[in-house]
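Q: The structure is given below, and queries will be raised subsequently.
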Amino acid sequence: MSADSTDESGDGDGSPTTDESTAASTTDESSAQFPGDLLAVSALDAGYGDLQILSAVDLAVHDGEYVTIVGPNGAGKSTVMKTVFGLTTYMGGEIRFDDDDISGLAPERIIHRGVSYVPQNENVFAGLSVRENLEMGAYILDSVPQYRLDWVFERFPILEERQTQRAGTLSGGQRQMLAMGRALMLDPDLLMLDEPSAGLAPDLVDEMFDRIDAINESGTAILMVEQNAVEALSRCDRGYVLVQGQNRFDDTGEALLGNDEVRQEFLGG
Ligand SMILES: Nc1ncnc2c1ncn2[C@@H]1O[C@H](COP(=O)(O)OP(=O)(O)OP(=O)(O)O)[C@@H](O)[C@H]1O
């Protein structure tokens, strides 16, 4: 499924690396339905220049899983995703994807492995048409695969209707759909979404989450950062609570929602 069929190393031993150091470890039951780690982040240190933000962060996403990161402002949630995608200063620890070590690789190389990332802001080319934006999503390929365009249009019919319209003239919700559609053009194994519901009118938030559910149900693993924590945890398979650049809790979404400490400290009671 990933765009790159030339992975070199493939030397992983497949052993899970993420469990020990977090406050509430991942339950075996929640992991059992998933075949293995797609993304395995262990003891990750990262930041910006000399400024360290993440300290020994552990996180895993299994094949086809839907994982959410929640936590207070400035906790480093976006930094985790940016670091997986090669956009920050990698300082230590390990990031494995599909059993290959991708720690510190540049984004172009990570995209080839089958990871797509939708940042929170400036995630479309405003001056280009909807269709051109989608075509840009497949820029690493020699030609734009029509079946992927069709796949995206099927999931986001509004993008087909508006394909000649400039992205800058779309509504916030449509723009977010375009950003997601573009990220899906390469049929990634893992889609990382940074606050997909941010700035959306309340009646569009549920619709956005429904679309993310549908993408996940079609087999794409999701790693998502969300301020809308209760909604996100109620939909995901597992969640992580990050505080000051460190793991605080991880468990199934349901268990985190039922955890009094998590509710009081991080979910508004
Ligand atoms: N480009 C950058 N350069 C320097 N520091 C940054 C940069 N981006 C983020 N930071 C800092 O890193 C810390 C973590 O930011 P991050 O955006 O990862 O947090 P977050 O948990 O996603 O928060 P929020 O929910 O507010 O987006 C913050 O202190 C932030 O100011």
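Residue numbering restarts at 1 for every chain of the structure tokens, chains are lettered A, B, ... in their displayed order, and ligands are numbered from 1 as they appear.
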Would you name the residues within 7 Å of ligand 1, counting only C-alpha atoms and all ligand atoms, and put them as a PDB file with N, CA and C atoms, in the first residue's frame?
A:
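Below you can see part31.pdb, which holds the result:
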```pdb
ATOM      1  N   GLY A  47      12.521  18.156  19.720  1.00  0.00           N
ATOM      2  CA  GLY A  47      12.166  19.551  19.991  1.00  0.00           C
ATOM      3  C   GLY A  47      12.442  20.416  18.785  1.00  0.00           C
ATOM      4  N   TYR A  48      12.808  21.651  19.055  1.00  0.00           N
ATOM      5  CA  TYR A  48      13.036  22.626  17.991  1.00  0.00           C
ATOM      6  C   TYR A  48      14.384  23.283  18.242  1.00  0.00           C
ATOM      7  N   ILE A  53      11.379  19.436  23.707  1.00  0.00           N
ATOM      8  CA  ILE A  53       9.966  19.440  24.083  1.00  0.00           C
ATOM      9  C   ILE A  53       9.518  18.049  24.543  1.00  0.00           C
ATOM     10  N   GLY A  71      -4.375  16.075  25.612  1.00  0.00           N
ATOM     11  CA  GLY A  71      -3.545  16.684  26.659  1.00  0.00           C
ATOM     12  C   GLY A  71      -3.675  18.188  26.592  1.00  0.00           C
ATOM     13  N   PRO A  72      -3.156  18.871  27.608  1.00  0.00           N
ATOM     14  CA  PRO A  72      -3.297  20.330  27.655  1.00  0.00           C
ATOM     15  C   PRO A  72      -2.538  21.044  26.537  1.00  0.00           C
ATOM     16  N   ASN A  73      -2.849  22.318  26.360  1.00  0.00           N
ATOM     17  CA  ASN A  73      -2.122  23.132  25.378  1.00  0.00           C
ATOM     18  C   ASN A  73      -0.633  23.098  25.678  1.00  0.00           C
ATOM     19  N   GLY A  74       0.140  22.979  24.632  1.00  0.00           N
ATOM     20  CA  GLY A  74       1.592  23.019  24.788  1.00  0.00           C
ATOM     21  C   GLY A  74       2.205  21.730  25.307  1.00  0.00           C
ATOM     22  N   ALA A  75       1.417  20.661  25.405  1.00  0.00           N
ATOM     23  CA  ALA A  75       1.928  19.396  25.955  1.00  0.00           C
ATOM     24  C   ALA A  75       2.916  18.716  25.019  1.00  0.00           C
ATOM     25  N   GLY A  76       2.881  19.096  23.744  1.00  0.00           N
ATOM     26  CA  GLY A  76       3.787  18.461  22.790  1.00  0.00           C
ATOM     27  C   GLY A  76       3.078  17.479  21.866  1.00  0.00           C
ATOM     28  N   LYS A  77       1.764  17.539  21.834  1.00  0.00           N
ATOM     29  CA  LYS A  77       0.998  16.574  21.024  1.00  0.00           C
ATOM     30  C   LYS A  77       1.347  16.716  19.535  1.00  0.00           C
ATOM     31  N   SER A  78       1.281  17.952  19.052  1.00  0.00           N
ATOM     32  CA  SER A  78       1.614  18.157  17.633  1.00  0.00           C
ATOM     33  C   SER A  78       3.072  17.815  17.375  1.00  0.00           C
ATOM     34  N   THR A  79       3.903  18.094  18.356  1.00  0.00           N
ATOM     35  CA  THR A  79       5.340  17.827  18.179  1.00  0.00           C
ATOM     36  C   THR A  79       5.596  16.334  17.963  1.00  0.00           C
ATOM     37  N   VAL A  80       4.804  15.485  18.595  1.00  0.00           N
ATOM     38  CA  VAL A  80       4.972  14.040  18.382  1.00  0.00           C
ATOM     39  C   VAL A  80       4.751  13.716  16.899  1.00  0.00           C
ATOM     40  N   GLN A 227      -8.308  18.539  20.331  1.00  0.00           N
ATOM     41  CA  GLN A 227      -8.735  19.289  21.524  1.00  0.00           C
ATOM     42  C   GLN A 227     -10.093  18.792  21.986  1.00  0.00           C
TER      43      GLN A 227
END
```
Q: Leaving out stretch 187-197 of chain A and any residue of its chain fewer than 2 positions from it, which residues lie within 7 Å of it when counting only C-alpha atoms, given as a list in words?
A: Met1, Ser2, Ser78, Met81, Gly114, Val115, Ser116, Tyr117, Val118, Pro119, Gln120, Gln176, Leu184, Met185, Gly199, Leu200, Val205, Met208, Thr220, Ala221, Ile222, Leu223, Met224, Val225, Glu226 and Gln227 of chain A
Q: Which residues come within 12 Å of A:Asn259, counting only C-alpha atoms, excluding same-chain residues fewer than 4 positions away, as a list in words?
A: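 The filter keeps Ala24, Leu233, Val241, Phe249, Asp250, Asp251, Thr252, Gly253, Glu254, Ala255, Arg263, Gln264, Glu265, Phe266, Leu267 and Gly269 of chain A.
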Q: Could you write out that same residue set with N, CA and C atoms as a PDB file, in the first residue's frame?
A:
```pdb
ATOM      1  N   ALA A  24      -0.397   4.264  32.843  1.00  0.00           N
ATOM      2  CA  ALA A  24      -1.363   3.180  32.733  1.00  0.00           C
ATOM      3  C   ALA A  24      -1.047   2.469  31.440  1.00  0.00           C
ATOM      4  N   LEU A 233     -11.826  10.504  22.070  1.00  0.00           N
ATOM      5  CA  LEU A 233     -11.593   9.278  22.832  1.00  0.00           C
ATOM      6  C   LEU A 233     -12.763   8.307  22.701  1.00  0.00           C
ATOM      7  N   VAL A 241      -2.519  10.263  26.858  1.00  0.00           N
ATOM      8  CA  VAL A 241      -2.564  11.598  27.455  1.00  0.00           C
ATOM      9  C   VAL A 241      -1.124  12.040  27.645  1.00  0.00           C
ATOM     10  N   PHE A 249      -0.843   8.963  30.601  1.00  0.00           N
ATOM     11  CA  PHE A 249      -1.716   7.787  30.586  1.00  0.00           C
ATOM     12  C   PHE A 249      -1.773   7.237  29.170  1.00  0.00           C
ATOM     13  N   ASP A 250      -1.957   5.923  29.065  1.00  0.00           N
ATOM     14  CA  ASP A 250      -2.424   5.378  27.796  1.00  0.00           C
ATOM     15  C   ASP A 250      -3.290   4.171  28.073  1.00  0.00           C
ATOM     16  N   ASP A 251      -4.334   4.074  27.287  1.00  0.00           N
ATOM     17  CA  ASP A 251      -5.289   2.980  27.493  1.00  0.00           C
ATOM     18  C   ASP A 251      -6.288   3.002  26.346  1.00  0.00           C
ATOM     19  N   THR A 252      -7.284   2.139  26.411  1.00  0.00           N
ATOM     20  CA  THR A 252      -8.333   2.249  25.400  1.00  0.00           C
ATOM     21  C   THR A 252      -9.037   3.592  25.588  1.00  0.00           C
ATOM     22  N   GLY A 253      -9.639   4.096  24.527  1.00  0.00           N
ATOM     23  CA  GLY A 253     -10.375   5.351  24.639  1.00  0.00           C
ATOM     24  C   GLY A 253     -11.439   5.247  25.718  1.00  0.00           C
ATOM     25  N   GLU A 254     -12.123   4.130  25.723  1.00  0.00           N
ATOM     26  CA  GLU A 254     -13.207   3.912  26.689  1.00  0.00           C
ATOM     27  C   GLU A 254     -12.677   3.949  28.133  1.00  0.00           C
ATOM     28  N   ALA A 255     -11.548   3.282  28.356  1.00  0.00           N
ATOM     29  CA  ALA A 255     -10.979   3.245  29.714  1.00  0.00           C
ATOM     30  C   ALA A 255     -10.511   4.637  30.143  1.00  0.00           C
ATOM     31  N   ARG A 263     -10.485  12.184  33.649  1.00  0.00           N
ATOM     32  CA  ARG A 263     -11.669  13.042  33.447  1.00  0.00           C
ATOM     33  C   ARG A 263     -11.493  14.388  34.146  1.00  0.00           C
ATOM     34  N   GLN A 264     -11.084  14.324  35.431  1.00  0.00           N
ATOM     35  CA  GLN A 264     -11.006  15.562  36.201  1.00  0.00           C
ATOM     36  C   GLN A 264      -9.893  16.481  35.718  1.00  0.00           C
ATOM     37  N   GLU A 265      -8.745  15.876  35.433  1.00  0.00           N
ATOM     38  CA  GLU A 265      -7.603  16.718  35.070  1.00  0.00           C
ATOM     39  C   GLU A 265      -7.626  17.190  33.618  1.00  0.00           C
ATOM     40  N   PHE A 266      -8.133  16.328  32.734  1.00  0.00           N
ATOM     41  CA  PHE A 266      -7.929  16.625  31.311  1.00  0.00           C
ATOM     42  C   PHE A 266      -9.205  16.731  30.480  1.00  0.00           C
ATOM     43  N   LEU A 267     -10.319  16.289  31.023  1.00  0.00           N
ATOM     44  CA  LEU A 267     -11.527  16.275  30.203  1.00  0.00           C
ATOM     45  C   LEU A 267     -12.624  17.160  30.778  1.00  0.00           C
ATOM     46  N   GLY A 269     -13.810  17.261  33.891  1.00  0.00           N
ATOM     47  CA  GLY A 269     -14.625  16.699  34.987  1.00  0.00           C
ATOM     48  C   GLY A 269     -15.589  15.635  34.562  1.00  0.00           C
TER      49      GLY A 269
END
```
Q: Kindly give the distance, in Å, that separates atom CA of A:Ala138 and atom CA of A:Asn123, rounded to a single decimal.
A: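 Atom CA of A:Asn123 lies at a distance of 14.9 Å from atom CA of A:Ala138.
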Q: Among stretch 24-163 of chain A, which residues does DSSP mark as helix (DSSP H, G or I) when it is run on the backbone? Keep the chain and numbering as in the structure and answer as a compact mmCIF listing (two decimals) with C-alpha atoms, in the first residue's frame.
A:
```
# COMPACT_ATOMS: atom_id res chain seq x y z
CA ASP A 28 -3.38 -6.61 26.16
CA GLU A 29 -7.07 -6.94 25.33
CA SER A 30 -7.13 -3.69 23.37
CA SER A 31 -4.05 -4.66 21.38
CA ALA A 32 -5.09 -8.23 20.72
CA LYS A 77 1.00 16.57 21.02
CA SER A 78 1.61 18.16 17.63
CA THR A 79 5.34 17.83 18.18
CA VAL A 80 4.97 14.04 18.38
CA MET A 81 3.34 13.88 14.96
CA LYS A 82 5.70 16.43 13.47
CA THR A 83 8.64 14.41 14.76
CA VAL A 84 7.31 11.17 13.27
CA PRO A 107 9.53 14.04 5.26
CA GLU A 108 10.04 13.09 1.58
CA ARG A 109 11.43 9.74 2.66
CA ILE A 110 8.74 9.21 5.26
CA ILE A 111 5.94 9.85 2.75
CA HIS A 112 7.43 7.11 0.59
CA ARG A 113 7.10 4.69 3.49
CA VAL A 130 -9.29 21.48 -5.64
CA ARG A 131 -8.21 19.00 -8.28
CA GLU A 132 -4.70 20.46 -8.50
CA ASN A 133 -4.41 20.18 -4.73
CA LEU A 134 -5.35 16.51 -4.92
CA GLU A 135 -2.90 15.95 -7.76
CA MET A 136 -0.18 17.57 -5.63
CA GLN A 146 -7.24 7.95 -11.40
CA TYR A 147 -8.48 5.25 -9.03
CA ARG A 148 -7.18 7.25 -6.07
CA LEU A 149 -8.90 10.40 -7.28
CA ASP A 150 -12.09 8.36 -7.63
CA TRP A 151 -11.54 6.90 -4.15
CA VAL A 152 -11.17 10.37 -2.65
CA PHE A 153 -14.16 11.75 -4.59
CA GLU A 154 -16.26 8.83 -3.38
CA ARG A 155 -15.48 9.68 0.23
CA PRO A 157 -18.27 14.09 -3.00
CA ILE A 158 -18.08 17.84 -2.41
CA LEU A 159 -14.49 17.78 -3.70
CA GLU A 160 -15.64 16.28 -6.99
CA GLU A 161 -18.36 18.92 -7.29
```
Q: Stretch 21-244 of chain A: which residues are strand (DSSP E or B) by DSSP, as a PyMOL selection string?
A: chain A and resi 37-48+51-62+66-70+89-97+100-101+115-118+129+166+190-194+221-225+238-243
Q: Between A:Val67, A:Ala179, A:Ala46, A:Leu54, single out the one closest to A:Cys236, counting only C-alpha atoms.
A: A:Val67
